[in-house]
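Asks: Data file entry-v6.txt (compact mmCIF, C-alpha atoms) is appended below.
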```txt
# COMPACT_ATOMS: atom_id res chain seq x y z
CA MET W 1 0.00 0.00 0.00
CA ALA W 2 1.64 3.11 1.22
CA ALA W 3 4.89 4.19 -0.11
CA GLU W 4 5.68 6.13 2.94
CA TRP W 5 4.30 7.44 6.18
CA SER W 6 4.60 11.19 6.56
CA ARG W 7 3.41 12.49 9.79
CA GLY W 8 3.83 15.82 11.43
CA THR W 9 3.06 17.12 14.86
CA THR W 10 1.48 20.19 13.32
CA THR W 11 0.61 19.58 9.69
CA ARG W 12 1.62 16.12 8.48
CA PRO W 13 1.81 12.49 9.64
CA ALA W 14 4.74 10.24 10.10
CA ALA W 15 5.44 9.49 6.54
CA PRO W 16 3.13 7.23 4.59
CA TRP W 17 5.23 4.44 3.37
CA ALA W 18 7.48 5.94 0.75
CA SER W 19 11.07 6.75 0.04
CA GLY W 20 10.92 10.53 -0.30
CA GLY W 21 12.04 13.21 2.07
CA THR W 22 15.35 14.39 3.40
CA ARG W 23 17.83 11.60 4.11
CA SER W 24 18.60 10.59 7.68
CA THR W 25 21.54 9.24 9.62
CA HIS W 26 19.89 5.80 9.58
CA ARG W 27 18.39 3.60 6.87
CA ASN W 28 15.61 2.03 8.91
CA THR W 29 12.22 1.70 7.27
CA THR W 30 8.75 0.39 7.99
CA ARG W 31 10.11 -3.14 7.91
CA GLU W 32 12.61 -2.50 10.72
CA LEU W 33 9.91 -0.81 12.78
CA LEU W 34 7.66 -3.83 12.40
CA GLU W 35 10.48 -6.09 13.57
CA ASP W 36 10.94 -3.92 16.69
CA LEU W 37 7.28 -3.14 17.37
CA GLU W 38 7.39 -4.90 20.73
CA ARG W 39 9.51 -2.01 22.04
CA PHE W 40 6.40 0.19 21.92
CA SER W 41 3.95 -2.23 23.52
CA ASP W 42 4.13 -0.46 26.89
CA VAL W 43 2.27 2.83 26.31
CA TYR W 44 3.62 4.26 29.57
CA GLN W 45 7.29 3.61 28.86
CA SER W 46 7.60 4.24 25.12
CA ARG W 47 8.11 7.82 23.93
CA ILE W 48 8.03 9.63 20.61
CA GLY W 49 11.81 9.96 20.87
CA ASP W 50 12.04 6.18 20.53
CA LEU W 51 10.69 6.55 17.00
CA GLY W 52 13.75 8.61 16.09
CA ALA W 53 15.55 5.40 15.17
CA PHE W 54 12.97 4.74 12.46
CA VAL W 55 11.51 8.03 11.18
CA ARG W 56 13.36 10.73 9.28
CA SER W 57 12.93 14.26 10.58
CA GLN W 58 12.35 16.89 7.89
CA GLY W 59 13.77 19.73 9.96
CA ASP W 60 12.15 23.11 9.46
CA ALA W 61 9.27 21.48 7.56
CA HIS W 62 8.15 20.10 10.95
CA PHE W 63 7.16 16.58 9.97
CA ASP W 64 8.71 13.12 10.05
CA VAL W 65 8.88 10.48 7.33
CA LEU W 66 8.66 6.74 7.83
CA ALA W 67 10.02 5.29 4.60
CA SER W 68 9.01 2.03 2.98
CA ASP W 69 11.62 -0.59 2.22
CA GLU W 70 12.86 -0.48 -1.38
CA ARG W 71 15.87 -2.78 -1.20
CA PRO W 72 15.92 -5.19 -4.18
CA ASP W 73 17.13 -8.08 -2.02
CA VAL W 74 14.14 -7.94 0.34
CA THR W 75 11.00 -9.86 -0.60
CA GLY W 76 7.51 -9.92 0.83
CA THR W 77 4.83 -7.27 1.22
CA ILE W 78 3.36 -5.43 4.15
CA ARG W 79 0.17 -7.22 5.18
CA ALA W 80 -3.01 -5.46 6.25
CA GLU W 81 -2.46 -6.42 9.89
CA ASP W 82 1.10 -5.04 9.72
CA TYR W 83 -0.18 -1.76 8.31
CA LEU W 84 -2.81 -1.48 11.05
CA ALA W 85 -0.26 -2.22 13.79
CA VAL W 86 2.06 0.55 12.60
CA HIS W 87 -0.86 2.90 12.05
CA ARG W 88 -2.07 2.41 15.63
CA LEU W 89 1.44 3.14 16.91
CA LEU W 90 1.84 6.34 14.90
CA GLU W 91 -1.58 7.57 16.02
CA ARG W 92 -0.28 7.61 19.57
CA PHE W 93 2.39 10.19 18.77
CA TYR W 94 1.18 12.24 15.81
CA ARG W 95 -1.89 14.38 15.23
CA ILE W 96 -1.99 13.90 11.47
CA LEU W 97 -0.97 10.92 9.33
CA LEU W 98 -0.43 11.13 5.58
CA ILE W 99 -0.20 7.80 3.80
CA ASP W 100 1.32 7.58 0.32
CA THR W 101 -0.37 4.39 -0.87
CA GLY W 102 1.09 3.99 -4.32
CA ASN W 103 -1.29 2.44 -6.85
CA ASN W 104 -1.34 -1.31 -6.18
CA MET W 105 -5.07 -1.60 -5.59
CA ARG W 106 -4.83 -5.38 -5.18
CA ALA W 107 -2.51 -5.15 -2.17
CA GLU W 108 -4.25 -5.84 1.13
CA ASN W 109 -2.31 -3.06 2.85
CA TRP W 110 -3.54 -0.62 0.19
CA LEU W 111 -7.13 -1.55 1.00
CA ALA W 112 -6.43 -1.30 4.73
CA ALA W 113 -5.06 2.20 4.24
CA ALA W 114 -8.14 3.27 2.29
CA GLU W 115 -10.39 1.83 4.98
CA SER W 116 -8.61 3.65 7.81
CA ALA W 117 -8.42 7.02 6.04
CA ASP W 118 -10.57 9.96 7.09
CA LEU W 119 -9.90 11.56 3.70
CA LEU W 120 -8.75 10.12 0.38
CA VAL W 121 -6.78 12.32 -2.02
CA VAL W 122 -6.75 11.23 -5.66
CA THR W 123 -3.75 12.68 -7.50
CA SER W 124 -3.35 12.61 -11.26
CA THR W 125 -2.06 14.63 -14.20
CA VAL W 126 -3.79 16.28 -17.13
CA ARG W 127 -2.81 13.61 -19.67
CA GLU W 128 -4.94 11.25 -21.70
CA ASP W 129 -3.03 8.17 -20.49
CA THR W 130 -3.04 9.03 -16.77
CA GLY W 131 -5.88 11.45 -16.17
CA TYR W 132 -8.57 8.82 -15.79
CA SER W 133 -6.57 6.33 -13.71
CA GLY W 134 -7.95 7.73 -10.48
CA LEU W 135 -11.45 6.84 -11.62
CA TRP W 136 -10.42 3.19 -11.85
CA MET W 137 -9.27 3.41 -8.25
CA LEU W 138 -12.61 4.88 -7.19
CA ASP W 139 -14.41 2.12 -9.11
CA ALA W 140 -12.31 -0.50 -7.32
CA LEU W 141 -13.09 0.98 -3.91
CA GLN W 142 -16.77 1.20 -4.72
CA ASP W 143 -16.81 -2.43 -5.89
CA ALA W 144 -15.06 -3.38 -2.63
CA GLY W 145 -17.96 -1.89 -0.69
CA TYR W 146 -16.45 1.38 0.48
CA ALA W 147 -19.29 3.79 1.20
CA ASP W 148 -19.55 7.58 1.00
CA LEU W 149 -16.58 7.88 -1.36
CA LYS W 150 -17.68 11.20 -2.81
CA HIS W 151 -17.90 12.79 0.64
CA LYS W 152 -14.48 11.58 1.79
CA THR W 153 -12.48 12.11 -1.41
CA VAL W 154 -10.89 15.14 -3.11
CA THR W 155 -8.96 15.27 -6.37
CA VAL W 156 -5.75 17.11 -7.30
CA LEU W 157 -4.96 17.43 -11.02
CA SER W 158 -1.44 18.62 -11.90
CA ASP W 159 -0.32 20.06 -15.24
CA PRO W 160 2.55 17.89 -16.56
CA SER W 161 3.89 20.63 -18.87
CA PRO W 162 3.66 24.39 -19.37
CA THR W 163 0.79 23.89 -21.85
CA VAL W 164 -1.98 21.30 -21.59
CA ASP W 165 -5.06 20.33 -23.58
CA ASP W 166 -7.74 22.68 -22.24
CA LYS W 167 -10.58 20.43 -23.39
CA LEU W 168 -9.04 17.39 -21.71
CA ALA W 169 -8.52 19.42 -18.53
CA ALA W 170 -12.15 20.56 -18.54
CA ASP W 171 -13.37 17.00 -19.14
CA LEU W 172 -11.26 15.66 -16.28
CA VAL W 173 -12.44 18.35 -13.89
CA ASP W 174 -16.04 17.63 -14.85
CA VAL W 175 -15.84 13.88 -14.36
CA TYR W 176 -13.92 14.11 -11.07
CA GLU W 177 -16.37 16.69 -9.74
CA GLN W 178 -19.06 14.08 -10.24
CA ARG W 179 -17.12 11.47 -8.26
CA THR W 180 -15.36 13.48 -5.53
CA ARG W 181 -16.29 16.38 -3.28
CA ALA W 182 -13.82 18.85 -4.86
CA VAL W 183 -11.23 19.13 -7.65
CA TYR W 184 -8.11 21.31 -7.46
CA ARG W 185 -5.89 22.22 -10.42
CA VAL W 186 -2.15 22.69 -9.84
CA PRO W 187 0.00 24.38 -12.51
CA TYR W 188 3.23 23.05 -13.96
CA ASP W 189 6.28 24.21 -12.04
CA PRO W 190 9.84 23.54 -13.32
CA ALA W 191 11.12 23.57 -9.74
CA LEU W 192 9.36 20.23 -9.18
CA VAL W 193 10.64 18.44 -12.28
CA ALA W 194 13.61 16.82 -10.49
CA GLY W 195 11.26 14.96 -8.13
CA SER W 196 13.62 15.49 -5.21
CA VAL W 197 13.10 17.37 -1.94
CA VAL W 198 10.62 20.18 -2.64
CA PRO W 199 12.49 23.51 -3.02
CA TYR W 200 9.80 25.70 -1.46
CA ALA W 201 11.69 28.96 -2.02
CA GLN W 202 11.85 28.24 -5.75
CA LEU W 203 8.16 27.49 -6.26
CA SER W 204 6.16 30.05 -8.23
CA LYS W 205 3.49 32.13 -6.55
CA ALA W 206 0.82 30.38 -8.64
CA THR W 207 2.05 26.98 -7.46
CA ARG W 208 2.01 28.00 -3.81
CA GLN W 209 -1.45 29.52 -4.06
CA SER W 210 -2.84 26.48 -5.87
CA TRP W 211 -1.49 24.05 -3.31
CA LEU W 212 -2.67 26.29 -0.48
CA ARG W 213 -6.20 26.17 -1.89
CA ALA W 214 -5.98 22.41 -2.27
CA VAL W 215 -4.72 21.87 1.26
CA ALA W 216 -7.34 24.26 2.66
CA GLY W 217 -9.99 22.20 0.90
CA MET W 218 -8.60 19.02 2.42
CA ALA W 219 -8.59 20.59 5.88
CA GLU W 220 -12.19 21.68 5.40
CA ALA W 221 -13.15 18.16 4.39
CA LEU W 222 -11.60 16.81 7.58
```
Would you put the structure from the file into structure tokens?

Replies:
Amino acid sequence: MAAEWSRGTTTRPAAPWASGGTRSTHRNTTRELLEDLERFSDVYQSRIGDLGAFVRSQGDAHFDVLASDERPDVTGTIRAEDYLAVHRLLERFYRILLIDTGNNMRAENWLAAAESADLLVVTSTVREDTGYSGLWMLDALQDAGYADLKHKTVTVLSDPSPTVDDKLAADLVDVYEQRTRAVYRVPYDPALVAGSVVPYAQLSKATRQSWLRAVAGMAEAL
């Protein structure tokens, strides 16, 4: 499911399971945390500082990241019960949890993440080959019996290049507005092309305002 657990004491959760974020002095991931979960069984003795050996602090951004394991020599997937165990632990120490689920809708941990979420965020780009992929995810969740999807889901559509097909963009906004509670457009920004740590100071004003509107909409939904 999640690529990474991002969680912040003020704005974000202990990183969904993913590999992004600023690097840390350790290489521990969700898998190592699962192996050492017994350490946190005593709620009176364990502290948030104990998670420092597993999460990666993002400094001035004020959130931590719990990365997923991406080593090629490690096999096996995170099961639903593993996801729920880690989720319960992180809820004890963080006010907000953001889970980057990836797109493997058949994975049991992906379904567990969707079930536990208070809000689902569908992200896609204004492209013919990717723009409608989020609808397949919504169809899969609906077929799996997840109720009230429109009320608990928002959509973010990003422009993949400086110019996009306006008709395609309008069609995507229209169809996602029918399936989710709100749709937010985010412009192309060359500062994000590298896909590395987000260089906030280099983002355009339009990018910042667009993401601010999107995040405000998510907060309102919560």

Asks: Of the candidates W:Arg31, W:Asp64, W:Ser46, W:Ser116, which one gets nearest to Ile78 (chain W) if we count only C-alpha atoms?

Replies: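 Of W:Arg31, W:Asp64, W:Ser46, W:Ser116, the one nearest Ile78 (chain W) is W:Arg31, counting only C-alpha atoms.
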
Asks: Check the smallest atom-to-atom distance from each of W:Leu34, W:Val215, W:Ala169, W:Ala53 to Thr125 (chain W) using all atoms listed in the file, then report the winner.

Replies: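 So, comparing all the options, the nearest one is W:Ala169.
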
Asks: Which neighbours of Asp148 (chain W) fall inside 12 Å, counting only C-alpha atoms, when residues of the same chain fewer than 4 positions from it are skipped, and could you give them as a PyMOL selection string?

Replies: chain W and resi 115+118-120+138+141-142+152-153+179-181

Asks: Using only C-alpha atoms, which protein or nucleic acid residues come within 12 Å of Val193 (chain W)? Drop anything in the same chain fewer than 3 positions from it, and give the result as a PyMOL selection string.

Replies: chain W and resi 159-162+188-190+196-199+202-203

Asks: Please identify all polymer residues within 12 Å of Gln178 (chain W), counting only C-alpha atoms, omitting same-chain residues fewer than 6 positions from it, and present them as an MDAnalysis selection string.

Replies: chainID W and resid 135 138 149:151 153:155 171:172

Asks: Have a look at CA of Glu38 (chain W) and CA of Thr77 (chain W) and let me know their distance in Å, one decimal.

Replies: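 Interatomic distance here is 19.8 Å.
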
Asks: Which is closer to Tyr94 (chain W) than all the others in W:Ala117, W:His62, W:Ser41, W:Arg127, using all atoms listed in the file?

Replies: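 Of all the options, W:His62 lies closest to Tyr94 (chain W).
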
Asks: CA of Val55 (chain W) to CA of Ala113 (chain W): how many Å, to one decimal?

Replies: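 Rounded to one decimal, the two atoms are 18.9 Å apart.
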
Asks: Can you list, as number ranges by chain, every protein, DNA or RNA residue that comes within 9 Å of Ser210 (chain W) when you count all atoms listed in the file, leaving out same-chain residues fewer than 4 positions away?

Replies: W: 184-187, 205-206, 214-215

Asks: Grab the CA of Leu89 (chain W) to CA of Phe40 (chain W) distance for me, in Å with one decimal place.

Replies: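 Answer for the CA of Leu89 (chain W) to CA of Phe40 (chain W) separation: 7.6 Å.
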
Asks: Let me make sure I understand: among W:Asp42, W:Leu97, W:Asn104, W:Arg79, which one has the smallest atom-to-atom distance to Met137 (chain W) if we use all atoms listed in the file?

Replies: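 Smallest distance to Met137 (chain W) is found for W:Asn104.
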
Asks: With all atoms listed in the file as the basis for distance, which of W:Asp165, W:Gly195, W:Val121, W:Val156 is at the shortest distance from Trp211 (chain W)?

Replies: W:Val156

Asks: Keeping N, CA, C and O atoms, write region 187-198 of chain W of the structure just shown out as a PDB file, in the first residue's frame.

Replies:
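Contents of selection37.pdb, freshly written:
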```pdb
ATOM      1  N   PRO W 187      -0.740  24.093 -11.284  1.00  0.00           N
ATOM      2  CA  PRO W 187       0.005  24.383 -12.514  1.00  0.00           C
ATOM      3  C   PRO W 187       1.353  23.665 -12.571  1.00  0.00           C
ATOM      4  O   PRO W 187       1.878  23.214 -11.551  1.00  0.00           O
ATOM      5  N   TYR W 188       1.880  23.579 -13.762  1.00  0.00           N
ATOM      6  CA  TYR W 188       3.233  23.053 -13.961  1.00  0.00           C
ATOM      7  C   TYR W 188       4.242  23.988 -13.300  1.00  0.00           C
ATOM      8  O   TYR W 188       4.117  25.213 -13.368  1.00  0.00           O
ATOM      9  N   ASP W 189       5.242  23.404 -12.664  1.00  0.00           N
ATOM     10  CA  ASP W 189       6.284  24.214 -12.041  1.00  0.00           C
ATOM     11  C   ASP W 189       7.626  23.530 -12.290  1.00  0.00           C
ATOM     12  O   ASP W 189       7.850  22.407 -11.818  1.00  0.00           O
ATOM     13  N   PRO W 190       8.547  24.164 -13.012  1.00  0.00           N
ATOM     14  CA  PRO W 190       9.843  23.541 -13.321  1.00  0.00           C
ATOM     15  C   PRO W 190      10.655  23.194 -12.082  1.00  0.00           C
ATOM     16  O   PRO W 190      11.523  22.322 -12.136  1.00  0.00           O
ATOM     17  N   ALA W 191      10.369  23.851 -10.959  1.00  0.00           N
ATOM     18  CA  ALA W 191      11.123  23.568  -9.738  1.00  0.00           C
ATOM     19  C   ALA W 191      10.829  22.171  -9.199  1.00  0.00           C
ATOM     20  O   ALA W 191      11.581  21.656  -8.370  1.00  0.00           O
ATOM     21  N   LEU W 192       9.740  21.550  -9.675  1.00  0.00           N
ATOM     22  CA  LEU W 192       9.357  20.230  -9.175  1.00  0.00           C
ATOM     23  C   LEU W 192       9.747  19.097 -10.122  1.00  0.00           C
ATOM     24  O   LEU W 192       9.525  17.935  -9.814  1.00  0.00           O
ATOM     25  N   VAL W 193      10.327  19.438 -11.255  1.00  0.00           N
ATOM     26  CA  VAL W 193      10.637  18.439 -12.281  1.00  0.00           C
ATOM     27  C   VAL W 193      11.603  17.378 -11.770  1.00  0.00           C
ATOM     28  O   VAL W 193      11.472  16.188 -12.083  1.00  0.00           O
ATOM     29  N   ALA W 194      12.583  17.770 -10.957  1.00  0.00           N
ATOM     30  CA  ALA W 194      13.608  16.824 -10.493  1.00  0.00           C
ATOM     31  C   ALA W 194      13.025  15.718  -9.625  1.00  0.00           C
ATOM     32  O   ALA W 194      13.598  14.631  -9.521  1.00  0.00           O
ATOM     33  N   GLY W 195      11.880  15.978  -8.974  1.00  0.00           N
ATOM     34  CA  GLY W 195      11.264  14.962  -8.134  1.00  0.00           C
ATOM     35  C   GLY W 195      12.018  14.701  -6.844  1.00  0.00           C
ATOM     36  O   GLY W 195      11.853  13.656  -6.219  1.00  0.00           O
ATOM     37  N   SER W 196      12.843  15.639  -6.436  1.00  0.00           N
ATOM     38  CA  SER W 196      13.619  15.489  -5.210  1.00  0.00           C
ATOM     39  C   SER W 196      12.912  16.208  -4.064  1.00  0.00           C
ATOM     40  O   SER W 196      11.707  16.416  -4.103  1.00  0.00           O
ATOM     41  N   VAL W 197      13.664  16.603  -3.040  1.00  0.00           N
ATOM     42  CA  VAL W 197      13.099  17.367  -1.941  1.00  0.00           C
ATOM     43  C   VAL W 197      12.511  18.660  -2.495  1.00  0.00           C
ATOM     44  O   VAL W 197      13.137  19.338  -3.318  1.00  0.00           O
ATOM     45  N   VAL W 198      11.305  19.011  -2.082  1.00  0.00           N
ATOM     46  CA  VAL W 198      10.615  20.177  -2.638  1.00  0.00           C
ATOM     47  C   VAL W 198      11.358  21.463  -2.274  1.00  0.00           C
ATOM     48  O   VAL W 198      11.522  21.780  -1.091  1.00  0.00           O
TER      49      VAL W 198
END
```
